[in-house]
Amino acid sequence: MSRDGAHLSSLDLPVSYIGRSVARPNALRLLAGRGTYVDDVKASRVLHAAFVRNPYAHAKIVAIDVSRAQAIEGVVCVATAEDLKPFCTPWVGVLSHFAGLRSQPQGPLAEGVSFWQGEPVVAVVATSRHIAEDALSEIDVTFEELEPTVDMDAALAPDATPIHAALGNNIAFERRIDVGAVDAGFADAAVVVERDFSFARHTGVSLEPRSILAEFNPADRQLVIHHSSQAPQMMARIAAKHFGLPEHDVRVICKDVGGSFGVKIHIYPDEMAAIALSIKLGRAVKFVADRLESFVSDIHAREHRVRGRLGLSKDGDIVALEIDDRTGIGPYSMYPRTSAVEANQVMNITGGPYRIANYRARARVAFQNKVPTSQYRAVGHPIACAVTEGLIEAAGRKLGIDPFVLRARNVIPDNAYPTVNAIGLKFEGLSHETCLSKLKALMNYDELRRLQARKRAEGVYLGVGIGVFIEITSPGPEFYGVGGAPISAQDGCSVRLDPGGNVVCHTGTTEQGQGTDTIIAQVVASAVGVSLDRVRVVSGDTQAAPYGGGTWASRGAGIGGEAAYQAGFKLKDGVLRLAGIFLQSDPDKLDIADNSIIDRASREPRIPLSELSRIAHFRQDELPKGVSPDLVATHHYTPRNYPFAFTNGVQGSLVEVDVETGFVKLLKHWVVEDCGTPINPLLIEEQVRGGVVQGLGGALYEECLYDERGQLLNGSLAGYLLPMAGEMPDIEIDHAVTPTREGALGAKGAGEAGVAAAPAAVMNAINDALNPFGAEITTMPMTPERILRALGKIN
Amino acid sequence: MSQTPISLIVNGARVSALVEPRLTLADFLRQNLDLTGVHLGCEHGVCGACTMLLNGDIVRGCCVLAVQAHGGEVTTIEGADGDALTRALQSAFHERNALQCGFCSPAMVLTARALLQENPHPTREEIRDHLSGNYCRCTGYQAIVDAVETVSRQLEGAPA
């Protein structure tokens, strides 16, 4: 029996943890330094892998001499592409529903030609990482450097040499949207603004680097992979496929994962090499990327150039929007999620909060000789949002309309849902108007404007900016599975009553610190009627958990949470049936609350859950013959009514720009977001803040700098700037609540929201500060140098 | 490679070992002593995840060689969590959700502890400044600053 949200009452959930800010039970362990990340896992006779990586952006591999390396004591194996072929079949990162998307086969090690600086070419396995790295310097690889294609526009030029000759040109994917009457819309517009936006490549920098420990046991042909991963079930299926093993002989275990942000959801050649070597050698093989190789092997993201054009009537109504998006994705589309999704989402999300009948978009996705790019947190959102909000801000300045007023005039109003926009996106329920008015109050906007005017008189340039966003969460099966990828949109949860009357819960969603295990526990405790300390959540083991997609696209609460909720109700039903038999009562007249079976009407305790469970487990003689207690329940959930659970919100930023140095001081940041039913506001808020800080990193600091030969110039934490505590502002958060009716819980996702609009808000704030000088910046990161250039102070 | 004898106190216990001169203190603690609360996020002295105490000062374990710690005294999170200040910080971090993945957290706690020992009542700006050598990629730092501020208020003699 599943519970429909509409039928829930306080009688069903007399004590609910849903909506309560409880601390994460698993966090104390991490604070004590007692976490278990992959590099902490012990295996016997473990070997360590290290890789010779291509030092050029594009090079022919002429010869490889491994003889000296092989002679080093402690070196167990040196392998080239040829050596691993018998163990691992190649992969191609395409999805069938992305019409025209192309890539080329990839394997664990480069063969013949290597296409990016950092691509693994030779693997060494030794008894220690030190010895493996010593051996790297004894391997002679003769490379012949080939002409690299670095810049995305050079790659897209008609006369560009194709990186992959077999593909004929460098276009990996191209898509167009043209709805309504765009040309007529622009012709009628009173005001048209046009801007070029540029977004730098950046990368996820999970503090725990990518890590894998593969252990193939030749005796029973079982492969166990300890993996720092977001999607263990996906990894198990892919490993089974490419290593030719039955799926049930592959087990992937993710204990603690030290941050992921989308980095740890892709198939990486070096990790596949570690698995291949474990199978080849029949030994445990560990590979932990060091930070320098992370920079040239973890996915990059966000390298886009977008020309945007927005037309408005004289009253400020949007009449047409057009974007042209180009992006460079490196030499391959990543497997299995591909590298076309980011551009696709830029096209889909741009203009998304607004009523826009006439929209035209084009995206071109280019191959180039840089690190492959793919899905990084809030895929496409910050780009789409910065383009949309940057254009609206520019239009508002031209029309002399206040940013809040102009947005309120154009957003899809709160009473218009459910609705479908011009390009067919289905919105179940959003709250743009509510969020805008809440943000205005939260920021004390009118007072900020007065403060800004006073400060300007003193020669201090404050800027105020806002950014409205929509956020894709909880994707349904139309997203990946339909394209042929082994990526599950459903998620499952099993709950079981243990002999002590506690609830053990296995979930297919995974924990990277965002608090999934905690919210699953809150949901299950609420559904069953037990206290939170009676629930233990186990996640991240493919042979223990029911099948599920894992963690991506903010699906943990909306999909994993709903599965857990319904599993909890199923368990409760089973327990009450048993209690009815034992107490000789109608189960409908019983309930569970506070760890006891109670009388539903009087709320009087009848028997402790622990006592009932003891009898069920050890004293079957006290039960009638033929009674089979249902003390384990499983539920799988897939959202089917909407392809995504869209969420929304708006962010505000207050900055001070030093117009002499170009330095930006972030004074304050505000977010109003609506993720539906909030399960745990404490966790949501820090998740949003963490997202904001990642968004601010991309807006102000983070950039993978390449030279014209395709060499990454700043591939270390000394050269690649991350946001630090000292430069980040306090971030104030408020909520609007529009639950989804897709599931009973009403929860949507919250993981992308912070990233989505932070760059837009801070860009608009900086441009607001620069407005007295007639200066504007649309290139990220907005470094002091670029700001001074915008001000015309340097060339 | 030749090995060098070292002897040091780690978390209150005498440890003697033969180590390669190139072995970092962080690797020594992780590999030889299973002190896996020491985390390696960059191995070039920037991220701060390997922060530990050497002779009472916070240091980056990835930038100190094990042989340099000879004769010294090392404390990691595994040895520090006996003291009241560390426990107060761990508790405040927990209550305030001042961590997500936890990879930076042991080092963040040790760094915050050093600040409060030096300056029991720092301003938020001083807390932010002091923690700027420790990257956290998950949280927005604000909860961490809040947690340190909370413990600061709990310390004896805190202004009302």
# chains A, B, ... in the order shown; residues from 1 in each chain; ligands from 1

$ residues_around --residues "Ala553 (chain A)" --least-positions-apart "6" --cutoff "12 Å" --atoms "only C-alpha atoms" --output "ChimeraX atom specification"
/A:230-231,261-262,265,337,341,375-381,471-476,479-480,487,489,509,559,644-647,748-753

$ select_by_dssp --residues "region 327-533 of chain A" --states "alpha helix (DSSP H)" --output "JSON, numbers by chain"
{"A": [341, 342, 343, 344, 345, 346, 347, 348, 349, 381, 382, 383, 384, 385, 386, 387, 388, 389, 390, 391, 392, 393, 394, 395, 396, 397, 398, 399, 403, 404, 405, 406, 407, 408, 409, 410, 432, 433, 434, 435, 436, 437, 438, 439, 440, 441, 442, 443, 445, 446, 447, 448, 449, 450, 451, 452, 453, 454, 455, 456, 457, 516, 517, 518, 519, 520, 521, 522, 523, 524, 525, 526, 527, 528]}

$ closest_atom_pairs --of "region 55-76 of chain B" --to "region 12-21 of chain B" --cutoff "10 Å" --atoms "only C-alpha atoms" --output "JSON lines"
{"residue": "B:Leu65", "atom": "CA", "partner": "B:Pro21", "partner_atom": "CA", "distance": 7.1}
{"residue": "B:Ala66", "atom": "CA", "partner": "B:Pro21", "partner_atom": "CA", "distance": 7.3}
{"residue": "B:Val67", "atom": "CA", "partner": "B:Pro21", "partner_atom": "CA", "distance": 6.1}
{"residue": "B:Gln68", "atom": "CA", "partner": "B:Pro21", "partner_atom": "CA", "distance": 9.0}
{"residue": "B:His70", "atom": "CA", "partner": "B:Ser16", "partner_atom": "CA", "distance": 9.1}
{"residue": "B:Gly71", "atom": "CA", "partner": "B:Arg14", "partner_atom": "CA", "distance": 9.8}
{"residue": "B:Glu73", "atom": "CA", "partner": "B:Gly12", "partner_atom": "CA", "distance": 7.9}
{"residue": "B:Val74", "atom": "CA", "partner": "B:Gly12", "partner_atom": "CA", "distance": 8.1}
{"residue": "B:Thr75", "atom": "CA", "partner": "B:Gly12", "partner_atom": "CA", "distance": 7.7}

$ closest_atom_pairs --of "chain A" --to "chain B" --cutoff "6 Å" --atoms "only C-alpha atoms" --output "CSV"
residue,atom,partner,partner_atom,distance
A:Ala23,CA,B:Glu95,CA,5.4
A:Leu30,CA,B:Gly102,CA,5.2
A:Leu31,CA,B:Pro106,CA,5.4
A:Gly33,CA,B:Gly37,CA,3.8
A:Leu207,CA,B:Gly41,CA,5.3
A:Glu208,CA,B:Gly41,CA,5.6
A:Gly258,CA,B:Cys101,CA,4.9
A:Gly259,CA,B:Cys101,CA,5.5
A:Arg291,CA,B:Cys42,CA,4.9
A:Gln512,CA,B:Cys101,CA,5.4
A:Gly513,CA,B:Cys101,CA,3.8
A:Gln514,CA,B:Gln100,CA,5.5
A:Glu686,CA,B:Thr139,CA,5.8
A:Arg689,CA,B:Gly140,CA,4.5
A:Gly690,CA,B:Gly140,CA,3.9
A:Val693,CA,B:Gly140,CA,5.5
A:Met724,CA,B:Ser132,CA,5.2
A:Ala725,CA,B:Arg128,CA,4.9
A:Gly726,CA,B:Arg128,CA,4.5

$ residues_around --residues "Arg53 (chain A)" --least-positions-apart "6" --cutoff "6 Å" --atoms "only C-alpha atoms" --output "ChimeraX atom specification"
/A:118-121

$ residues_around --residues "His636 (chain A)" --least-positions-apart "6" --cutoff "8 Å" --atoms "only C-alpha atoms" --output "MDAnalysis selection string"
chainID A and resid 490:493 563

$ write_last_selection --atoms "C-alpha atoms" --output "tab-separated table (two decimals), in the first residue's frame"
chain	number	residue	atom	x	y	z
A	490	GLN	CA	14.74	4.82	-10.45
A	491	ASP	CA	16.06	4.23	-6.99
A	492	GLY	CA	15.32	1.59	-4.43
A	493	CYS	CA	15.28	1.28	-0.70
A	563	ALA	CA	11.57	5.23	-2.30

$ residues_around --residues "region 179-194 of chain A" --least-positions-apart "2" --cutoff "12 Å" --atoms "only C-alpha atoms" --output "PyMOL selection string"
chain A and resi 176-177+196-197+306-324+356-362+387-400+421-424+778

$ select_by_dssp --residues "region 148-366 of chain A" --states "strand (DSSP E)" --output "ChimeraX atom specification"
/A:171-179,191-199,202-203,211-217,222-227,250-253,284-288,300-301,304-312,318-328,359-366

$ residues_around --residues "region 49-52 of chain A" --least-positions-apart "4" --cutoff "8 Å" --atoms "only C-alpha atoms" --output "compact mmCIF listing (two decimals) with C-alpha atoms, in the first residue's frame"
# COMPACT_ATOMS: atom_id res chain seq x y z
CA PRO A 120 47.55 7.95 -19.73
CA VAL A 121 49.88 6.10 -22.11
CA VAL A 122 51.76 3.50 -20.05
CA ALA A 123 50.80 1.95 -16.71
CA VAL A 124 53.22 0.73 -14.07
CA VAL A 125 52.21 -1.51 -11.21
CA ALA A 126 54.59 -1.93 -8.30
CA ARG A 129 53.55 4.02 -5.22
CA ALA A 132 55.86 2.78 -9.41
CA GLU A 133 56.71 6.45 -9.79
CA LEU A 136 57.91 6.02 -14.69
CA ILE A 139 60.17 4.37 -19.35
CA ASP A 270 43.30 5.29 -15.63
CA ALA A 274 43.67 -0.28 -12.70
CA VAL A 285 45.58 -2.79 -7.58
CA LYS A 286 45.15 0.68 -6.15
CA PHE A 287 45.23 3.95 -8.01

$ closest_residue --among "A:Thr551, A:Ser339, A:Asn764, A:Ser16" --to "Ala699 (chain A)" --atoms "only C-alpha atoms"
A:Asn764

$ decode --residues "region 344-378 of chain A" --atoms "N, CA and C atoms" --output "short mmCIF file (atom, residue, chain, number, x, y, z; two decimals), in the first residue's frame"
data_model
loop_
_atom_site.label_atom_id
_atom_site.label_comp_id
_atom_site.auth_asym_id
_atom_site.auth_seq_id
_atom_site.Cartn_x
_atom_site.Cartn_y
_atom_site.Cartn_z
N ASN A 344 23.49 21.10 -24.21
CA ASN A 344 22.06 20.82 -24.33
C ASN A 344 21.28 21.52 -23.21
N GLN A 345 21.83 21.46 -22.00
CA GLN A 345 21.13 22.09 -20.87
C GLN A 345 21.22 23.61 -20.94
N VAL A 346 22.32 24.13 -21.46
CA VAL A 346 22.40 25.58 -21.65
C VAL A 346 21.24 26.02 -22.54
N MET A 347 21.02 25.28 -23.63
CA MET A 347 19.93 25.62 -24.55
C MET A 347 18.57 25.51 -23.88
N ASN A 348 18.40 24.47 -23.09
CA ASN A 348 17.09 24.23 -22.48
C ASN A 348 16.77 25.21 -21.36
N ILE A 349 17.79 25.60 -20.60
CA ILE A 349 17.52 26.36 -19.38
C ILE A 349 17.55 27.87 -19.63
N THR A 350 18.29 28.30 -20.65
CA THR A 350 18.37 29.75 -20.90
C THR A 350 16.96 30.32 -21.08
N GLY A 351 16.71 31.38 -20.38
CA GLY A 351 15.38 32.00 -20.46
C GLY A 351 14.31 31.27 -19.67
N GLY A 352 14.68 30.19 -19.01
CA GLY A 352 13.72 29.28 -18.39
C GLY A 352 12.76 29.87 -17.36
N PRO A 353 13.18 30.86 -16.57
CA PRO A 353 12.23 31.38 -15.59
C PRO A 353 11.13 32.25 -16.21
N TYR A 354 11.29 32.60 -17.47
CA TYR A 354 10.46 33.68 -18.02
C TYR A 354 9.46 33.21 -19.05
N ARG A 355 8.42 34.04 -19.26
CA ARG A 355 7.45 33.82 -20.33
C ARG A 355 8.09 34.29 -21.63
N ILE A 356 8.53 33.37 -22.43
CA ILE A 356 9.19 33.74 -23.69
C ILE A 356 8.57 32.88 -24.79
N ALA A 357 7.88 33.52 -25.72
CA ALA A 357 7.22 32.76 -26.79
C ALA A 357 8.16 32.53 -27.97
N ASN A 358 9.11 33.44 -28.16
CA ASN A 358 9.96 33.38 -29.35
C ASN A 358 11.40 33.13 -28.92
N TYR A 359 11.89 31.94 -29.18
CA TYR A 359 13.22 31.56 -28.69
C TYR A 359 13.95 30.78 -29.77
N ARG A 360 15.17 31.21 -30.03
CA ARG A 360 16.01 30.48 -30.99
C ARG A 360 17.35 30.21 -30.31
N ALA A 361 17.84 29.01 -30.48
CA ALA A 361 19.13 28.66 -29.88
C ALA A 361 19.88 27.71 -30.79
N ARG A 362 21.18 27.84 -30.74
CA ARG A 362 22.02 26.93 -31.49
C ARG A 362 23.19 26.58 -30.58
N ALA A 363 23.57 25.32 -30.54
CA ALA A 363 24.75 24.91 -29.79
C ALA A 363 25.66 24.10 -30.70
N ARG A 364 26.92 24.41 -30.65
CA ARG A 364 27.93 23.60 -31.36
C ARG A 364 28.96 23.12 -30.35
N VAL A 365 29.17 21.84 -30.37
CA VAL A 365 30.05 21.18 -29.40
C VAL A 365 31.28 20.69 -30.16
N ALA A 366 32.44 21.22 -29.79
CA ALA A 366 33.65 20.99 -30.60
C ALA A 366 34.65 20.07 -29.92
N PHE A 367 35.24 19.18 -30.72
CA PHE A 367 36.41 18.44 -30.25
C PHE A 367 37.63 19.36 -30.28
N GLN A 368 38.52 19.17 -29.34
CA GLN A 368 39.76 19.95 -29.26
C GLN A 368 40.76 19.14 -28.44
N ASN A 369 42.03 19.57 -28.43
CA ASN A 369 43.06 18.81 -27.70
C ASN A 369 43.26 19.37 -26.30
N LYS A 370 42.26 19.18 -25.47
CA LYS A 370 42.37 19.54 -24.05
C LYS A 370 41.75 18.40 -23.26
N VAL A 371 41.81 18.48 -21.95
CA VAL A 371 41.19 17.46 -21.10
C VAL A 371 39.70 17.36 -21.46
N PRO A 372 39.17 16.13 -21.54
CA PRO A 372 37.73 15.99 -21.82
C PRO A 372 36.88 16.71 -20.76
N THR A 373 35.78 17.27 -21.21
CA THR A 373 34.86 17.91 -20.28
C THR A 373 33.61 17.05 -20.15
N SER A 374 32.90 17.24 -19.08
CA SER A 374 31.61 16.58 -18.94
C SER A 374 30.86 17.19 -17.76
N GLN A 375 29.92 16.42 -17.24
CA GLN A 375 29.00 16.95 -16.24
C GLN A 375 29.71 17.30 -14.94
N TYR A 376 29.65 18.56 -14.58
CA TYR A 376 30.10 19.05 -13.29
C TYR A 376 28.90 19.75 -12.67
N ARG A 377 28.83 19.68 -11.38
CA ARG A 377 27.70 20.20 -10.60
C ARG A 377 26.94 21.35 -11.28
N ALA A 378 25.63 21.22 -11.33
CA ALA A 378 24.74 22.24 -11.93
C ALA A 378 25.02 22.38 -13.43
#
